[in-house]
Amino acid sequence: MRLNLPNLLTLFRIAIIPVLCALFLMQERWSLWAALGVYTLGAVTDFFDGYLARRWNQMSAFGRFLDPIADKLLVAAMLILIAAFNRLPGIWTIPAIVIMMREMLIAGLREFLGPHRIMLPVSRLAKWKTVFQMFAMGFLIMGRHGDVVLPHTLLIGQVGLTFAAVLTVVTGWDYMRKGLAHIQAMDETGS
C-alpha cells in the first residue's frame with residue numbers, strides 16, 4: 001500500500017466526514033456554511049486524487065479500492081443527514097433511496113466479482129453522476145439557509161439530486177449488465 005498524495009487525499013476525504021456531520025448537525029447558519037466548505041473540500045479531493053494519480057503515474061490498487069468507497073461514505077452520510085433534517089420531504093426522498101440502493105447493489109456486485117479478478121471500472125458517465133450528486137448535495141446541505149445567496153437553494157438541490165438519481169439508474173444498469181454477463185459466463189464454465 002502506497003501512501004502517496006493521491007491516496008492521502010482519498011483518506012482525507014474519509015477523515016473529514018465526522019467533522020462534516022458534526023457541523024451539519026449543529027444546524028446554525030455559520031455551521032452550515034462551514035459544512036458546505038468542508039464538503040466542497042471533500043468533493044474537490046475527489047477530483048484531484050484521481051487526476052494527480054494519473055498525472056504523476058501514482059495509480060495504485062489501494063487507490064482504486066478506496067476512492068469509490070470514500071465517495072460512497074461521503075454521499076451516504078450526507079444523504080442520511082439531509083433526509084433526517086427534512087431537506088428531502090415526501091417524494092423527494094425517492095432519489096436518495098434510488099442512489100443508496102444502487103450504491104449497495106454495485107458494491108455487492110464488485111465484491112462478488114472481485115475474487116474472480118473481474119473488475120468493473122468506473123465509467124465516464126458514472127463519474128458525471130458523482131459530480132451531479134456532489135453538486136446537488138452542496139445545495140441540500142445549505143437548504144433554505146442558502147436562499148440569502150441564491151434563491152431556491154433547496155429546490156435546486158432536490159432537482160439536482162433527482163437528475164443524479166436518473167444517472168444513477170442508467171449507470172447502475174450498465175454495471176449490472178456487464179456484471180451479469182460475467183456471472184453468466186462463470187455459470188456456463190462452472191467457475
# chains A, B, ... in the order shown; residues from 1 in each chain; ligands from 1
call {"tool": "residues_around", "arguments": {"residues": "Met137 in chain A", "least_positions_apart": "3", "cutoff": "8 Å", "atoms": "only C-alpha atoms", "output": "number ranges by chain"}}
result
A: 75, 78-79, 133-134, 140-141, 157, 161
call {"tool": "write_last_selection", "arguments": {"atoms": "N, CA and C atoms", "output": "mmCIF file, in the first residue's frame"}}
result
data_model
loop_
_atom_site.group_PDB
_atom_site.id
_atom_site.type_symbol
_atom_site.label_atom_id
_atom_site.label_comp_id
_atom_site.auth_asym_id
_atom_site.auth_seq_id
_atom_site.Cartn_x
_atom_site.Cartn_y
_atom_site.Cartn_z
ATOM 1 N N VAL A 75 -21.208 10.492 0.394
ATOM 2 C CA VAL A 75 -22.569 10.670 -0.122
ATOM 3 C C VAL A 75 -23.596 10.042 0.819
ATOM 4 N N MET A 78 -24.120 12.095 4.041
ATOM 5 C CA MET A 78 -24.863 13.327 3.799
ATOM 6 C C MET A 78 -26.311 13.061 3.401
ATOM 7 N N LEU A 79 -26.556 12.021 2.616
ATOM 8 C CA LEU A 79 -27.949 11.700 2.261
ATOM 9 C C LEU A 79 -28.774 11.393 3.504
ATOM 10 N N GLN A 133 -24.196 14.380 -8.123
ATOM 11 C CA GLN A 133 -24.540 14.085 -6.725
ATOM 12 C C GLN A 133 -23.865 15.090 -5.802
ATOM 13 N N MET A 134 -22.572 15.277 -6.008
ATOM 14 C CA MET A 134 -21.810 16.179 -5.143
ATOM 15 C C MET A 134 -22.354 17.610 -5.244
ATOM 16 N N LEU A 140 -28.221 21.008 -0.972
ATOM 17 C CA LEU A 140 -29.061 20.406 0.064
ATOM 18 C C LEU A 140 -28.490 20.626 1.459
ATOM 19 N N ILE A 141 -27.178 20.695 1.574
ATOM 20 C CA ILE A 141 -26.571 20.994 2.876
ATOM 21 C C ILE A 141 -27.065 22.355 3.364
ATOM 22 N N GLY A 157 -31.184 21.894 -5.169
ATOM 23 C CA GLY A 157 -30.582 20.659 -4.668
ATOM 24 C C GLY A 157 -31.468 19.449 -4.897
ATOM 25 N N LEU A 161 -30.476 16.446 -7.315
ATOM 26 C CA LEU A 161 -30.369 15.079 -6.812
ATOM 27 C C LEU A 161 -31.245 14.131 -7.624
#
call {"tool": "select_by_dssp", "arguments": {"residues": "range 24-183 of chain A", "states": "alpha helix (DSSP H)", "output": "ChimeraX atom specification"}}
result
/A:24-26,29-55,61-84,93-113,124-142,153-183
call {"tool": "write_last_selection", "arguments": {"atoms": "C-alpha atoms", "output": "CSV table (one decimal), in the first residue's frame"}}
result
chain,number,residue,atom,x,y,z
A,24,PHE,CA,-24.3,19.9,9.8
A,25,LEU,CA,-25.9,18.6,13.0
A,26,MET,CA,-25.5,22.0,14.7
A,29,ARG,CA,-26.2,29.3,9.7
A,30,TRP,CA,-22.5,29.5,10.3
A,31,SER,CA,-22.1,25.8,10.8
A,32,LEU,CA,-24.0,25.0,7.6
A,33,TRP,CA,-21.7,27.4,5.7
A,34,ALA,CA,-18.7,25.7,7.4
A,35,ALA,CA,-20.2,22.3,6.5
A,36,LEU,CA,-20.5,23.4,2.9
A,37,GLY,CA,-16.9,24.5,2.9
A,38,VAL,CA,-15.7,21.2,4.3
A,39,TYR,CA,-18.0,19.3,1.9
A,40,THR,CA,-16.7,21.3,-1.0
A,41,LEU,CA,-13.1,20.5,0.1
A,42,GLY,CA,-14.0,16.8,0.2
A,43,ALA,CA,-15.6,17.0,-3.3
A,44,VAL,CA,-12.5,18.7,-4.7
A,45,THR,CA,-10.3,16.0,-3.3
A,46,ASP,CA,-12.4,13.5,-5.2
A,47,PHE,CA,-11.3,15.2,-8.5
A,48,PHE,CA,-7.7,15.7,-7.5
A,49,ASP,CA,-6.9,12.3,-6.1
A,50,GLY,CA,-7.6,10.6,-9.4
A,51,TYR,CA,-6.2,13.4,-11.5
A,52,LEU,CA,-2.9,13.5,-9.6
A,53,ALA,CA,-2.6,9.7,-9.6
A,54,ARG,CA,-2.9,9.6,-13.4
A,55,ARG,CA,-0.8,12.7,-14.0
A,61,ALA,CA,-4.7,-0.9,-6.3
A,62,PHE,CA,-5.2,0.8,-2.9
A,63,GLY,CA,-6.4,4.0,-4.6
A,64,ARG,CA,-8.7,2.1,-7.0
A,65,PHE,CA,-10.1,0.3,-4.0
A,66,LEU,CA,-10.5,3.2,-1.6
A,67,ASP,CA,-11.7,6.1,-3.9
A,68,PRO,CA,-15.2,4.7,-4.7
A,69,ILE,CA,-15.6,3.8,-1.0
A,70,ALA,CA,-14.7,7.3,0.1
A,71,ASP,CA,-17.2,8.7,-2.4
A,72,LYS,CA,-20.0,6.4,-1.1
A,73,LEU,CA,-19.2,7.1,2.5
A,74,LEU,CA,-19.4,10.8,1.9
A,75,VAL,CA,-22.6,10.7,-0.1
A,76,ALA,CA,-24.3,8.2,2.2
A,77,ALA,CA,-23.5,10.1,5.3
A,78,MET,CA,-24.9,13.3,3.8
A,79,LEU,CA,-27.9,11.7,2.3
A,80,ILE,CA,-28.9,10.3,5.7
A,81,LEU,CA,-28.4,13.7,7.4
A,82,ILE,CA,-30.1,15.6,4.7
A,83,ALA,CA,-33.1,13.3,4.8
A,84,ALA,CA,-33.2,13.3,8.6
A,93,THR,CA,-36.7,11.1,-0.7
A,94,ILE,CA,-37.1,8.8,-3.7
A,95,PRO,CA,-33.9,10.0,-5.4
A,96,ALA,CA,-31.9,9.4,-2.2
A,97,ILE,CA,-33.3,5.9,-1.9
A,98,VAL,CA,-32.5,5.1,-5.5
A,99,ILE,CA,-28.9,6.4,-5.0
A,100,MET,CA,-28.4,4.4,-1.9
A,101,MET,CA,-29.9,1.2,-3.4
A,102,ARG,CA,-27.7,1.5,-6.5
A,103,GLU,CA,-24.6,2.0,-4.4
A,104,MET,CA,-25.3,-1.1,-2.3
A,105,LEU,CA,-26.1,-3.1,-5.4
A,106,ILE,CA,-23.0,-2.2,-7.3
A,107,ALA,CA,-20.8,-2.6,-4.2
A,108,GLY,CA,-22.2,-6.1,-3.8
A,109,LEU,CA,-21.6,-6.9,-7.4
A,110,ARG,CA,-18.0,-5.7,-7.2
A,111,GLU,CA,-17.5,-7.7,-4.0
A,112,PHE,CA,-18.7,-10.8,-5.7
A,113,LEU,CA,-16.7,-10.3,-8.9
A,124,ARG,CA,-17.2,8.3,-17.6
A,125,LEU,CA,-21.0,8.6,-17.1
A,126,ALA,CA,-20.6,7.3,-13.6
A,127,LYS,CA,-18.0,10.0,-12.9
A,128,TRP,CA,-20.5,12.6,-14.1
A,129,LYS,CA,-23.2,11.0,-11.9
A,130,THR,CA,-20.8,11.6,-8.9
A,131,VAL,CA,-20.3,15.2,-10.0
A,132,PHE,CA,-24.1,15.8,-10.1
A,133,GLN,CA,-24.5,14.1,-6.7
A,134,MET,CA,-21.8,16.2,-5.1
A,135,PHE,CA,-23.2,19.4,-6.7
A,136,ALA,CA,-26.7,18.7,-5.5
A,137,MET,CA,-25.6,17.8,-2.1
A,138,GLY,CA,-23.9,21.1,-1.6
A,139,PHE,CA,-27.3,22.9,-2.2
A,140,LEU,CA,-29.1,20.4,0.1
A,141,ILE,CA,-26.6,21.0,2.9
A,142,MET,CA,-27.5,24.7,2.9
A,153,THR,CA,-31.3,26.7,-3.0
A,154,LEU,CA,-33.3,23.7,-1.6
A,155,LEU,CA,-35.3,23.2,-4.8
A,156,ILE,CA,-32.1,23.4,-6.9
A,157,GLY,CA,-30.6,20.7,-4.7
A,158,GLN,CA,-33.7,18.5,-4.9
A,159,VAL,CA,-33.9,18.7,-8.6
A,160,GLY,CA,-30.2,18.2,-9.0
A,161,LEU,CA,-30.4,15.1,-6.8
A,162,THR,CA,-33.3,13.8,-8.9
A,163,PHE,CA,-31.2,14.2,-12.1
A,164,ALA,CA,-28.3,12.5,-10.3
A,165,ALA,CA,-30.7,9.6,-9.4
A,166,VAL,CA,-31.6,9.2,-13.1
A,167,LEU,CA,-27.9,9.0,-14.0
A,168,THR,CA,-27.5,6.6,-11.1
A,169,VAL,CA,-30.1,4.2,-12.6
A,170,VAL,CA,-28.5,4.4,-16.1
A,171,THR,CA,-25.0,3.7,-14.8
A,172,GLY,CA,-26.3,1.1,-12.4
A,173,TRP,CA,-28.0,-0.7,-15.3
A,174,ASP,CA,-24.7,-0.5,-17.3
A,175,TYR,CA,-22.7,-2.0,-14.4
A,176,MET,CA,-25.4,-4.7,-13.8
A,177,ARG,CA,-25.5,-5.7,-17.4
A,178,LYS,CA,-21.7,-6.1,-17.6
A,179,GLY,CA,-21.5,-7.8,-14.2
A,180,LEU,CA,-24.3,-10.2,-15.1
A,181,ALA,CA,-22.6,-11.1,-18.3
A,182,HIS,CA,-19.5,-12.1,-16.3
A,183,ILE,CA,-21.7,-14.1,-13.8
call {"tool": "atom_distance", "arguments": {"atom1": "CA of Val19 in chain A", "atom2": "CA of Gly90 in chain A"}}
result
28.0 Å
call {"tool": "atom_distance", "arguments": {"atom1": "CA of Gln58 in chain A", "atom2": "CA of Ile16 in chain A"}}
result
23.0 Å
